[in-house]
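Worksheet: one structure, shown below.
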Amino acid sequence: MKHFKLTFLLIVLLSMVGAKGYAQEYVTIDDIGYQLSGREASLAYGGECSGDLEISGSVTYEGTIYTVTGIDNGAFYECTGLTSVTIPNSVTSIGSSAFIRCTGLTSVIIGDGVTTISGYAFKDCTALTSVTIGNSVTTIGDLAFYGCNSLPSITIPNSVTSIGDYAFRDCTGLTSVIIGDGVTTIGNQAFYGCNNLSSITIPNSVTSIGSSAFSGCTGLTSVTIGDGVMTIGDGAFEECSSLSSITIPNSVTSIGDYAFCGCNSLTSITIPNSVTTISGYAFKDCTALTSVTIGNSVTTIGENAFCGCSSLTSITIPNSVTSIGDEAFNVCNSLTLVAVDLEAPLAIVDWTFSNRDNATLYVPQGSGDAYKGAEYWKEFKEIIELADFTPCATPTISYKDGKLSFECETEGVEFVSNITLAEDKTGAEVVPPMNRKVTVYAKKEGRISSDKAELVIEAPDIKGDVDGDGVVDVNDVQTTINIILKK
């Protein structure tokens with residue numbers, strides 16, 4: 001192994017010859033190798049170091065003082081005895097693979113002079129539990145902290161503008177990540193597989209989220225995307241199985257392939273008017289998704305975009321859409337309402353809407369015959385013309401003092417509920433004998449029905465000596481029944 005390290009070092013040194021106008025000289029000072037040039041020194045080899053290391057900001061050789069400005073590529077390659085390192089403010093760059101596979105390294109402090117953490121710099125430092133990144137770092141290179149699976153948290157300062165590809169991939173111990181306000185790019189797979197990360201806030205400075213950037217972050221429950229993001233890359237949040245809600249800002253123009261595929265806790269999504277493309281498989285197998293709002297600038301709904309969204313009950317296709325991909329709504333077995341605000345039917349295939357024989361199709365007034373004659377569209381259970389594609393407002397449910405009531409901002413609606421109320425559909429007394437989920441939606445002739453509202457009514461805690469006579473007997477049972485029936 002020592003022979004390999006020396007060979008690796010020789011290659012590194014040879015690649016550096018002539019890099020500056022000064023003649024370069026390799027020297028050893030206190031068992032650490034330095035490359036001297038002018039009045040500057042770069043730390044070239046520290047492979048025999050162990051324990052806690054505080055790198056000096058300057059070294060003296062033959063009476064001349066040299067400022068330490070860099071840590072060269074592979075300088076501490078597989079230095080497994082190193083436990084901590086402090087990098088001084090004089091250093092401006094940390095080279096590629098500088099500390100790769102330093103498996104005993106637990107703590108790193110990066111000084112405020114460093115501007116670049118190069119690729120692979122701390123890759124596979126599996127014991128690393130603490131990293132302080134200086135306030136001058138602008139770039140975190142590809143795979144810089146890949147596989148640092150003991151690292152519990154990281155704060156990326158405002159000076160950083162780019163987080164490289166795979167930079168924190170498989171940092172499975174990460175529970176907290178703070179991304180500074182200067183970051184503009186989050187690279188491909190930057191946080192892939194960080195499955196203990198529970199929340200992330202992407203600042204307004206970020207313009208693009210790379211492919212699979214947070215894919216496989218199975219513990220992620222909350223994501224805030226800043227207003228500067230324009231592109232959500234392919235698979236960006238794929239298989240984030242605990243993610244229950246996310247807000248896509250109006251700055252986003254495209255949602256990539258598989259972007260939210262397999263997010264099976266996601267219950268609702270609003271695609272803003274800024275988005276023009278929902279790419280293939282974008283929301284595939286989001287099995288808990290019950291509500292989708294598609295903005296009126298979307299032109300393309302890709303193949304399999306919502307395939308397998310088995311809880312989705314309704315969808316409205318705006319008149320901006322020019323193509324619906326194959327199997328876009330395949331295996332959406334609860335989809336019973338499809339509203340298409342397009343006078344001329346688009347070309348679709350057999351599996352675009354696989355549940356059409358159980359679904360009602362709403363189309364613009366005067367275009368019913370066109371849909372009834374169009375292949376696959378004509379196979380919907382019922383085709384109804386609408387003059388207004390604005391859906392009824394979602395009702396609110398209230399329950400107070402034993403009275404259940406529904407209200408809706410849309411006037412003249414009929415409430416459809418799993419509980420029968422009085423004739424006026426409101427104000428009924430309901431005291432359930434057990435906890436009961438109430439569901440309701442609003443419908444009105446000539447309008448699209450609303451989304452469904454839900455409320456769980458808890459049963460009263462009735463037990464023991466109900467009638468207060470000091471004895472628990474059959475009379476308490478009758479009294480309980482009378483309370484439930486409100487006699």
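Note on naming: chains are A, B, ... as they come in the structure tokens, residues start from 1 per chain, ligands start from 1 in the order shown.
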DSSP-assigned strand (DSSP E or B) among segment 8-112 of chain A, expressed as number ranges by chain | A: 24-29, 32-37, 40-45, 51-54, 58-61, 64-71, 82-87, 93-94, 107-110
Restricting the output to N, CA and C atoms, write the selected residues as a short mmCIF file (atom, residue, chain, number, x, y, z; two decimals), in the first residue's frame.
```cif
data_model
loop_
_atom_site.label_atom_id
_atom_site.label_comp_id
_atom_site.auth_asym_id
_atom_site.auth_seq_id
_atom_site.Cartn_x
_atom_site.Cartn_y
_atom_site.Cartn_z
N GLN A 24 9.67 24.86 -9.12
CA GLN A 24 9.04 24.18 -8.01
C GLN A 24 10.02 23.21 -7.38
N GLU A 25 9.86 23.06 -6.07
CA GLU A 25 10.75 22.18 -5.32
C GLU A 25 9.94 21.40 -4.30
N TYR A 26 10.17 20.09 -4.27
CA TYR A 26 9.47 19.25 -3.29
C TYR A 26 10.37 19.08 -2.07
N VAL A 27 9.82 19.39 -0.88
CA VAL A 27 10.60 19.25 0.35
C VAL A 27 9.74 18.57 1.40
N THR A 28 10.42 18.01 2.40
CA THR A 28 9.72 17.42 3.53
C THR A 28 10.02 18.22 4.78
N ILE A 29 8.97 18.64 5.46
CA ILE A 29 9.11 19.39 6.70
C ILE A 29 8.22 18.73 7.74
N ILE A 32 5.88 15.97 6.55
CA ILE A 32 4.84 16.34 5.59
C ILE A 32 5.52 16.90 4.35
N GLY A 33 5.06 16.43 3.18
CA GLY A 33 5.65 16.88 1.94
C GLY A 33 4.98 18.14 1.42
N TYR A 34 5.80 19.10 0.98
CA TYR A 34 5.29 20.35 0.44
C TYR A 34 5.90 20.59 -0.94
N GLN A 35 5.14 21.23 -1.78
CA GLN A 35 5.62 21.69 -3.07
C GLN A 35 5.81 23.21 -2.95
N LEU A 36 7.04 23.68 -3.10
CA LEU A 36 7.34 25.09 -2.93
C LEU A 36 7.42 25.78 -4.28
N SER A 37 6.85 26.98 -4.35
CA SER A 37 6.89 27.77 -5.58
C SER A 37 6.80 29.23 -5.19
N GLU A 40 5.11 30.52 -1.91
CA GLU A 40 3.93 29.73 -1.54
C GLU A 40 4.28 28.25 -1.45
N ALA A 41 3.50 27.55 -0.63
CA ALA A 41 3.68 26.10 -0.47
C ALA A 41 2.32 25.43 -0.55
N SER A 42 2.30 24.30 -1.23
CA SER A 42 1.09 23.48 -1.23
C SER A 42 1.42 22.15 -0.57
N LEU A 43 0.51 21.69 0.28
CA LEU A 43 0.73 20.44 1.01
C LEU A 43 0.51 19.30 0.03
N ALA A 44 1.59 18.58 -0.27
CA ALA A 44 1.54 17.57 -1.32
C ALA A 44 1.36 16.16 -0.79
N TYR A 45 1.89 15.88 0.41
CA TYR A 45 1.81 14.51 0.93
C TYR A 45 1.83 14.53 2.45
N GLY A 51 -3.82 10.92 14.13
CA GLY A 51 -4.34 11.73 15.22
C GLY A 51 -4.94 13.03 14.73
N ASP A 52 -4.87 14.06 15.59
CA ASP A 52 -5.44 15.37 15.27
C ASP A 52 -4.38 16.22 14.57
N LEU A 53 -4.75 16.78 13.42
CA LEU A 53 -3.81 17.56 12.63
C LEU A 53 -4.33 18.97 12.43
N GLU A 54 -3.54 19.95 12.84
CA GLU A 54 -3.83 21.34 12.54
C GLU A 54 -2.78 21.82 11.56
N SER A 58 1.75 28.49 7.51
CA SER A 58 3.03 28.80 6.86
C SER A 58 4.07 27.78 7.31
N VAL A 59 5.10 27.61 6.50
CA VAL A 59 6.23 26.74 6.85
C VAL A 59 7.53 27.49 6.53
N THR A 60 8.58 27.10 7.22
CA THR A 60 9.90 27.71 7.00
C THR A 60 10.86 26.66 6.47
N TYR A 61 11.54 27.02 5.39
CA TYR A 61 12.52 26.10 4.81
C TYR A 61 13.75 26.89 4.42
N THR A 64 13.52 30.63 4.74
CA THR A 64 12.48 31.34 3.99
C THR A 64 11.11 30.88 4.47
N ILE A 65 10.21 31.83 4.68
CA ILE A 65 8.84 31.51 5.11
C ILE A 65 7.94 31.39 3.87
N TYR A 66 7.20 30.29 3.82
CA TYR A 66 6.29 30.03 2.71
C TYR A 66 4.85 29.96 3.24
N THR A 67 3.94 30.64 2.57
CA THR A 67 2.52 30.58 2.95
C THR A 67 1.88 29.33 2.35
N VAL A 68 1.20 28.55 3.17
CA VAL A 68 0.53 27.33 2.70
C VAL A 68 -0.81 27.74 2.09
N THR A 69 -0.93 27.57 0.78
CA THR A 69 -2.12 28.04 0.06
C THR A 69 -2.98 26.92 -0.52
N GLY A 70 -2.50 25.69 -0.52
CA GLY A 70 -3.29 24.62 -1.11
C GLY A 70 -3.01 23.27 -0.51
N ILE A 71 -3.98 22.36 -0.68
CA ILE A 71 -3.81 20.95 -0.34
C ILE A 71 -3.98 20.19 -1.64
N LEU A 82 -5.70 9.37 10.57
CA LEU A 82 -6.04 10.77 10.81
C LEU A 82 -7.43 10.86 11.43
N THR A 83 -7.56 11.56 12.58
CA THR A 83 -8.85 11.64 13.28
C THR A 83 -9.52 13.01 13.16
N SER A 84 -8.75 14.07 13.03
CA SER A 84 -9.35 15.38 12.81
C SER A 84 -8.36 16.26 12.07
N VAL A 85 -8.91 17.25 11.35
CA VAL A 85 -8.04 18.15 10.60
C VAL A 85 -8.63 19.55 10.63
N THR A 86 -7.77 20.51 10.85
CA THR A 86 -8.14 21.92 10.77
C THR A 86 -7.34 22.57 9.65
N ILE A 87 -8.04 23.15 8.70
CA ILE A 87 -7.41 23.74 7.52
C ILE A 87 -7.37 25.26 7.72
N SER A 93 -7.60 26.23 -1.76
CA SER A 93 -8.21 25.11 -2.47
C SER A 93 -7.85 23.78 -1.83
N ILE A 94 -8.81 22.87 -1.87
CA ILE A 94 -8.61 21.49 -1.42
C ILE A 94 -8.72 20.62 -2.66
N SER A 107 -13.65 14.74 12.32
CA SER A 107 -13.95 16.18 12.35
C SER A 107 -13.09 16.93 11.36
N VAL A 108 -13.73 17.86 10.62
CA VAL A 108 -13.02 18.70 9.65
C VAL A 108 -13.47 20.15 9.84
N ILE A 109 -12.51 21.04 9.97
CA ILE A 109 -12.80 22.48 9.97
C ILE A 109 -12.08 23.09 8.77
N ILE A 110 -12.87 23.67 7.87
CA ILE A 110 -12.34 24.26 6.64
C ILE A 110 -12.29 25.77 6.83
#
```
For segment 265-279 of chain A, list every protein, DNA or RNA residue within 6 Å, evaluated using only C-alpha atoms, and leave out those in the same chain fewer than 2 positions away; present the list as an NGL selection string.
-> :A and (241-245 or 250 or 252-257 or 263 or 282 or 288-302)
Using 6 Å as the limit and counting only C-alpha atoms, can you tabulate each residue of segment 131-175 of chain A that touches segment 111-126 of chain A, with its shortest atom-to-atom distance in Å and the two atoms involved, as a tab-separated table?
```
residue	atom	partner	partner_atom	distance
A:Gly134	CA	A:Asp112	CA	4.2
A:Asn135	CA	A:Asp112	CA	5.2
A:Ser136	CA	A:Thr115	CA	5.2
A:Val137	CA	A:Thr115	CA	3.8
A:Thr138	CA	A:Thr115	CA	5.3
A:Thr139	CA	A:Thr116	CA	5.1
A:Ile140	CA	A:Ile117	CA	5.1
A:Gly141	CA	A:Gly119	CA	4.2
A:Asp142	CA	A:Gly119	CA	4.5
A:Leu143	CA	A:Tyr120	CA	4.8
A:Ala144	CA	A:Tyr120	CA	4.2
A:Phe145	CA	A:Lys123	CA	4.8
A:Tyr146	CA	A:Lys123	CA	4.8
A:Gly147	CA	A:Asp124	CA	4.7
A:Cys148	CA	A:Thr126	CA	4.7
A:Asn149	CA	A:Thr126	CA	5.5
A:Ser150	CA	A:Thr126	CA	5.9
```
I need the chosen residues saved as a short mmCIF file (atom, residue, chain, number, x, y, z; two decimals), in the first residue's frame, with all heavy atoms.
```
data_model
loop_
_atom_site.label_atom_id
_atom_site.label_comp_id
_atom_site.auth_asym_id
_atom_site.auth_seq_id
_atom_site.Cartn_x
_atom_site.Cartn_y
_atom_site.Cartn_z
N GLY A 134 -16.00 26.75 5.49
CA GLY A 134 -15.70 28.17 5.60
C GLY A 134 -16.57 29.05 4.73
O GLY A 134 -17.15 28.60 3.73
N ASN A 135 -16.62 30.31 5.07
CA ASN A 135 -17.53 31.26 4.42
C ASN A 135 -17.05 31.81 3.08
O ASN A 135 -17.66 32.74 2.55
CB ASN A 135 -17.82 32.43 5.37
CG ASN A 135 -18.65 32.00 6.56
OD1 ASN A 135 -19.52 31.15 6.43
ND2 ASN A 135 -18.39 32.59 7.71
N SER A 136 -15.95 31.27 2.55
CA SER A 136 -15.49 31.70 1.23
C SER A 136 -15.65 30.62 0.17
O SER A 136 -15.39 30.87 -1.01
CB SER A 136 -14.01 32.12 1.30
OG SER A 136 -13.85 33.26 2.11
N VAL A 137 -16.07 29.44 0.58
CA VAL A 137 -16.22 28.33 -0.37
C VAL A 137 -17.33 28.66 -1.36
O VAL A 137 -18.44 29.04 -0.98
CB VAL A 137 -16.54 27.01 0.36
CG1 VAL A 137 -16.92 25.91 -0.64
CG2 VAL A 137 -15.36 26.56 1.20
N THR A 138 -17.02 28.55 -2.65
CA THR A 138 -18.02 28.79 -3.70
C THR A 138 -18.47 27.51 -4.39
O THR A 138 -19.57 27.45 -4.92
CB THR A 138 -17.47 29.75 -4.78
OG1 THR A 138 -16.30 29.18 -5.37
CG2 THR A 138 -17.12 31.11 -4.16
N THR A 139 -17.59 26.50 -4.36
CA THR A 139 -17.89 25.27 -5.10
C THR A 139 -17.65 24.05 -4.22
O THR A 139 -16.58 23.90 -3.62
CB THR A 139 -17.01 25.15 -6.35
OG1 THR A 139 -17.23 26.28 -7.19
CG2 THR A 139 -17.34 23.88 -7.13
N ILE A 140 -18.66 23.18 -4.16
CA ILE A 140 -18.50 21.86 -3.55
C ILE A 140 -18.52 20.87 -4.70
O ILE A 140 -19.54 20.72 -5.39
CB ILE A 140 -19.62 21.56 -2.53
CG1 ILE A 140 -19.58 22.59 -1.39
CG2 ILE A 140 -19.48 20.15 -1.97
CD1 ILE A 140 -20.72 22.47 -0.40
N GLY A 141 -17.41 20.23 -4.94
CA GLY A 141 -17.23 19.43 -6.15
C GLY A 141 -18.01 18.13 -6.16
O GLY A 141 -18.60 17.69 -5.16
N ASP A 142 -18.00 17.48 -7.32
CA ASP A 142 -18.66 16.19 -7.50
C ASP A 142 -18.11 15.16 -6.51
O ASP A 142 -16.89 15.07 -6.32
CB ASP A 142 -18.45 15.68 -8.92
CG ASP A 142 -19.05 16.59 -9.98
OD1 ASP A 142 -19.84 17.48 -9.62
OD2 ASP A 142 -18.71 16.40 -11.17
N LEU A 143 -19.02 14.44 -5.87
CA LEU A 143 -18.68 13.35 -4.94
C LEU A 143 -17.85 13.82 -3.73
O LEU A 143 -17.20 13.02 -3.07
CB LEU A 143 -17.94 12.21 -5.64
CG LEU A 143 -18.70 11.45 -6.72
CD1 LEU A 143 -18.37 11.99 -8.10
CD2 LEU A 143 -18.40 9.96 -6.66
N ALA A 144 -17.87 15.11 -3.44
CA ALA A 144 -16.99 15.66 -2.40
C ALA A 144 -17.16 14.96 -1.06
O ALA A 144 -16.19 14.68 -0.35
CB ALA A 144 -17.22 17.16 -2.25
N PHE A 145 -18.42 14.67 -0.68
CA PHE A 145 -18.69 14.02 0.62
C PHE A 145 -19.48 12.72 0.42
O PHE A 145 -20.14 12.25 1.34
CB PHE A 145 -19.46 14.98 1.54
CG PHE A 145 -18.67 16.20 1.94
CD1 PHE A 145 -18.76 17.37 1.21
CD2 PHE A 145 -17.84 16.17 3.06
CE1 PHE A 145 -18.04 18.50 1.57
CE2 PHE A 145 -17.12 17.30 3.43
CZ PHE A 145 -17.21 18.47 2.68
N TYR A 146 -19.42 12.18 -0.76
CA TYR A 146 -20.13 10.93 -1.08
C TYR A 146 -19.79 9.85 -0.06
O TYR A 146 -18.64 9.59 0.24
CB TYR A 146 -19.70 10.49 -2.48
CG TYR A 146 -20.39 9.28 -3.07
CD1 TYR A 146 -21.02 9.35 -4.30
CD2 TYR A 146 -20.36 8.04 -2.45
CE1 TYR A 146 -21.62 8.26 -4.89
CE2 TYR A 146 -20.97 6.93 -3.00
CZ TYR A 146 -21.60 7.04 -4.22
OH TYR A 146 -22.19 5.95 -4.79
N GLY A 147 -20.84 9.21 0.48
CA GLY A 147 -20.63 8.06 1.35
C GLY A 147 -20.18 8.39 2.76
O GLY A 147 -19.77 7.49 3.50
N CYS A 148 -20.24 9.65 3.16
CA CYS A 148 -19.91 10.03 4.55
C CYS A 148 -21.14 9.72 5.40
O CYS A 148 -21.89 10.63 5.79
CB CYS A 148 -19.51 11.49 4.63
SG CYS A 148 -17.99 11.90 3.74
N ASN A 149 -21.34 8.44 5.66
CA ASN A 149 -22.62 8.00 6.21
C ASN A 149 -22.79 8.19 7.71
O ASN A 149 -23.82 7.81 8.27
CB ASN A 149 -22.88 6.53 5.83
CG ASN A 149 -21.74 5.61 6.19
OD1 ASN A 149 -20.96 5.90 7.11
ND2 ASN A 149 -21.62 4.50 5.49
N SER A 150 -21.79 8.78 8.38
CA SER A 150 -21.96 9.11 9.81
C SER A 150 -22.23 10.60 10.02
O SER A 150 -22.47 11.02 11.16
CB SER A 150 -20.70 8.71 10.59
OG SER A 150 -20.49 7.32 10.56
#
```
Any chance you could tabulate, as CSV, the residues of segment 350-439 of chain A at most 12 Å from segment 328-342 of chain A with each one's nearest atom pair and distance in Å to one decimal, using only C-alpha atoms, in chain and rising number order?
```
residue,atom,partner,partner_atom,distance
A:Asp350,CA,A:Asn330,CA,9.2
A:Trp351,CA,A:Asn330,CA,5.5
A:Thr352,CA,A:Ala328,CA,5.2
A:Phe353,CA,A:Phe329,CA,5.1
A:Ser354,CA,A:Asn330,CA,5.0
A:Asn355,CA,A:Asn333,CA,5.7
A:Arg356,CA,A:Thr336,CA,7.5
A:Asp357,CA,A:Thr336,CA,8.9
A:Asn358,CA,A:Thr336,CA,6.0
A:Ala359,CA,A:Thr336,CA,3.8
A:Thr360,CA,A:Leu337,CA,5.0
A:Leu361,CA,A:Val338,CA,4.9
A:Tyr362,CA,A:Ala339,CA,4.5
A:Val363,CA,A:Val340,CA,5.3
A:Pro364,CA,A:Asp341,CA,5.8
A:Gln365,CA,A:Asp341,CA,9.6
A:Gly366,CA,A:Leu342,CA,10.9
A:Ser367,CA,A:Leu342,CA,8.4
A:Gly368,CA,A:Leu342,CA,10.7
A:Ala370,CA,A:Leu342,CA,10.7
A:Tyr371,CA,A:Leu342,CA,10.0
A:Trp377,CA,A:Val340,CA,10.6
A:Phe380,CA,A:Val338,CA,9.3
A:Lys381,CA,A:Thr336,CA,9.2
A:Glu382,CA,A:Leu337,CA,9.8
A:Ile383,CA,A:Val338,CA,9.6
A:Ile384,CA,A:Ala339,CA,9.3
A:Glu385,CA,A:Ala339,CA,9.7
A:Leu386,CA,A:Asp341,CA,9.0
A:Ala387,CA,A:Asp341,CA,9.9
A:Asp388,CA,A:Asp341,CA,9.3
A:Phe389,CA,A:Asp341,CA,7.0
A:Thr390,CA,A:Ala339,CA,10.2
A:Pro391,CA,A:Ala339,CA,9.8
```
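Every protein, DNA or RNA residue with an atom at most 9 Å from Thr185 of chain A, where only C-alpha atoms count and chain neighbours fewer than 4 positions away do not, is listed here: Thr161, Ser162, Ile163, Gly164, Ser205, Val206, Thr207, Ser208, Ile209 and Gly210 of chain A.
The residue set within 7 Å of segment 216-222 of chain A, counting only C-alpha atoms and dropping same-chain residues fewer than 4 places from it, reads Tyr192, Gly193, Cys194, Asn195, Asn196, Leu197, Ser198, Ser199, Ile200, Glu238, Glu239, Cys240, Ser241, Ser242, Leu243, Ser244, Ser245 and Ile246 of chain A.
The coordinates place atom CA of Val223 of chain A at 29.2 Å from atom CA of Thr106 of chain A.
The gap separating atom CA of Phe260 of chain A from atom CA of Tyr281 of chain A is 8.2 Å, in Å to one decimal.
In terms of minimum interatomic distance to Ala127 of chain A, A:Leu105 ranks closest within A:Leu174, A:Ile55, A:Leu105, A:Ile419, counting only C-alpha atoms.
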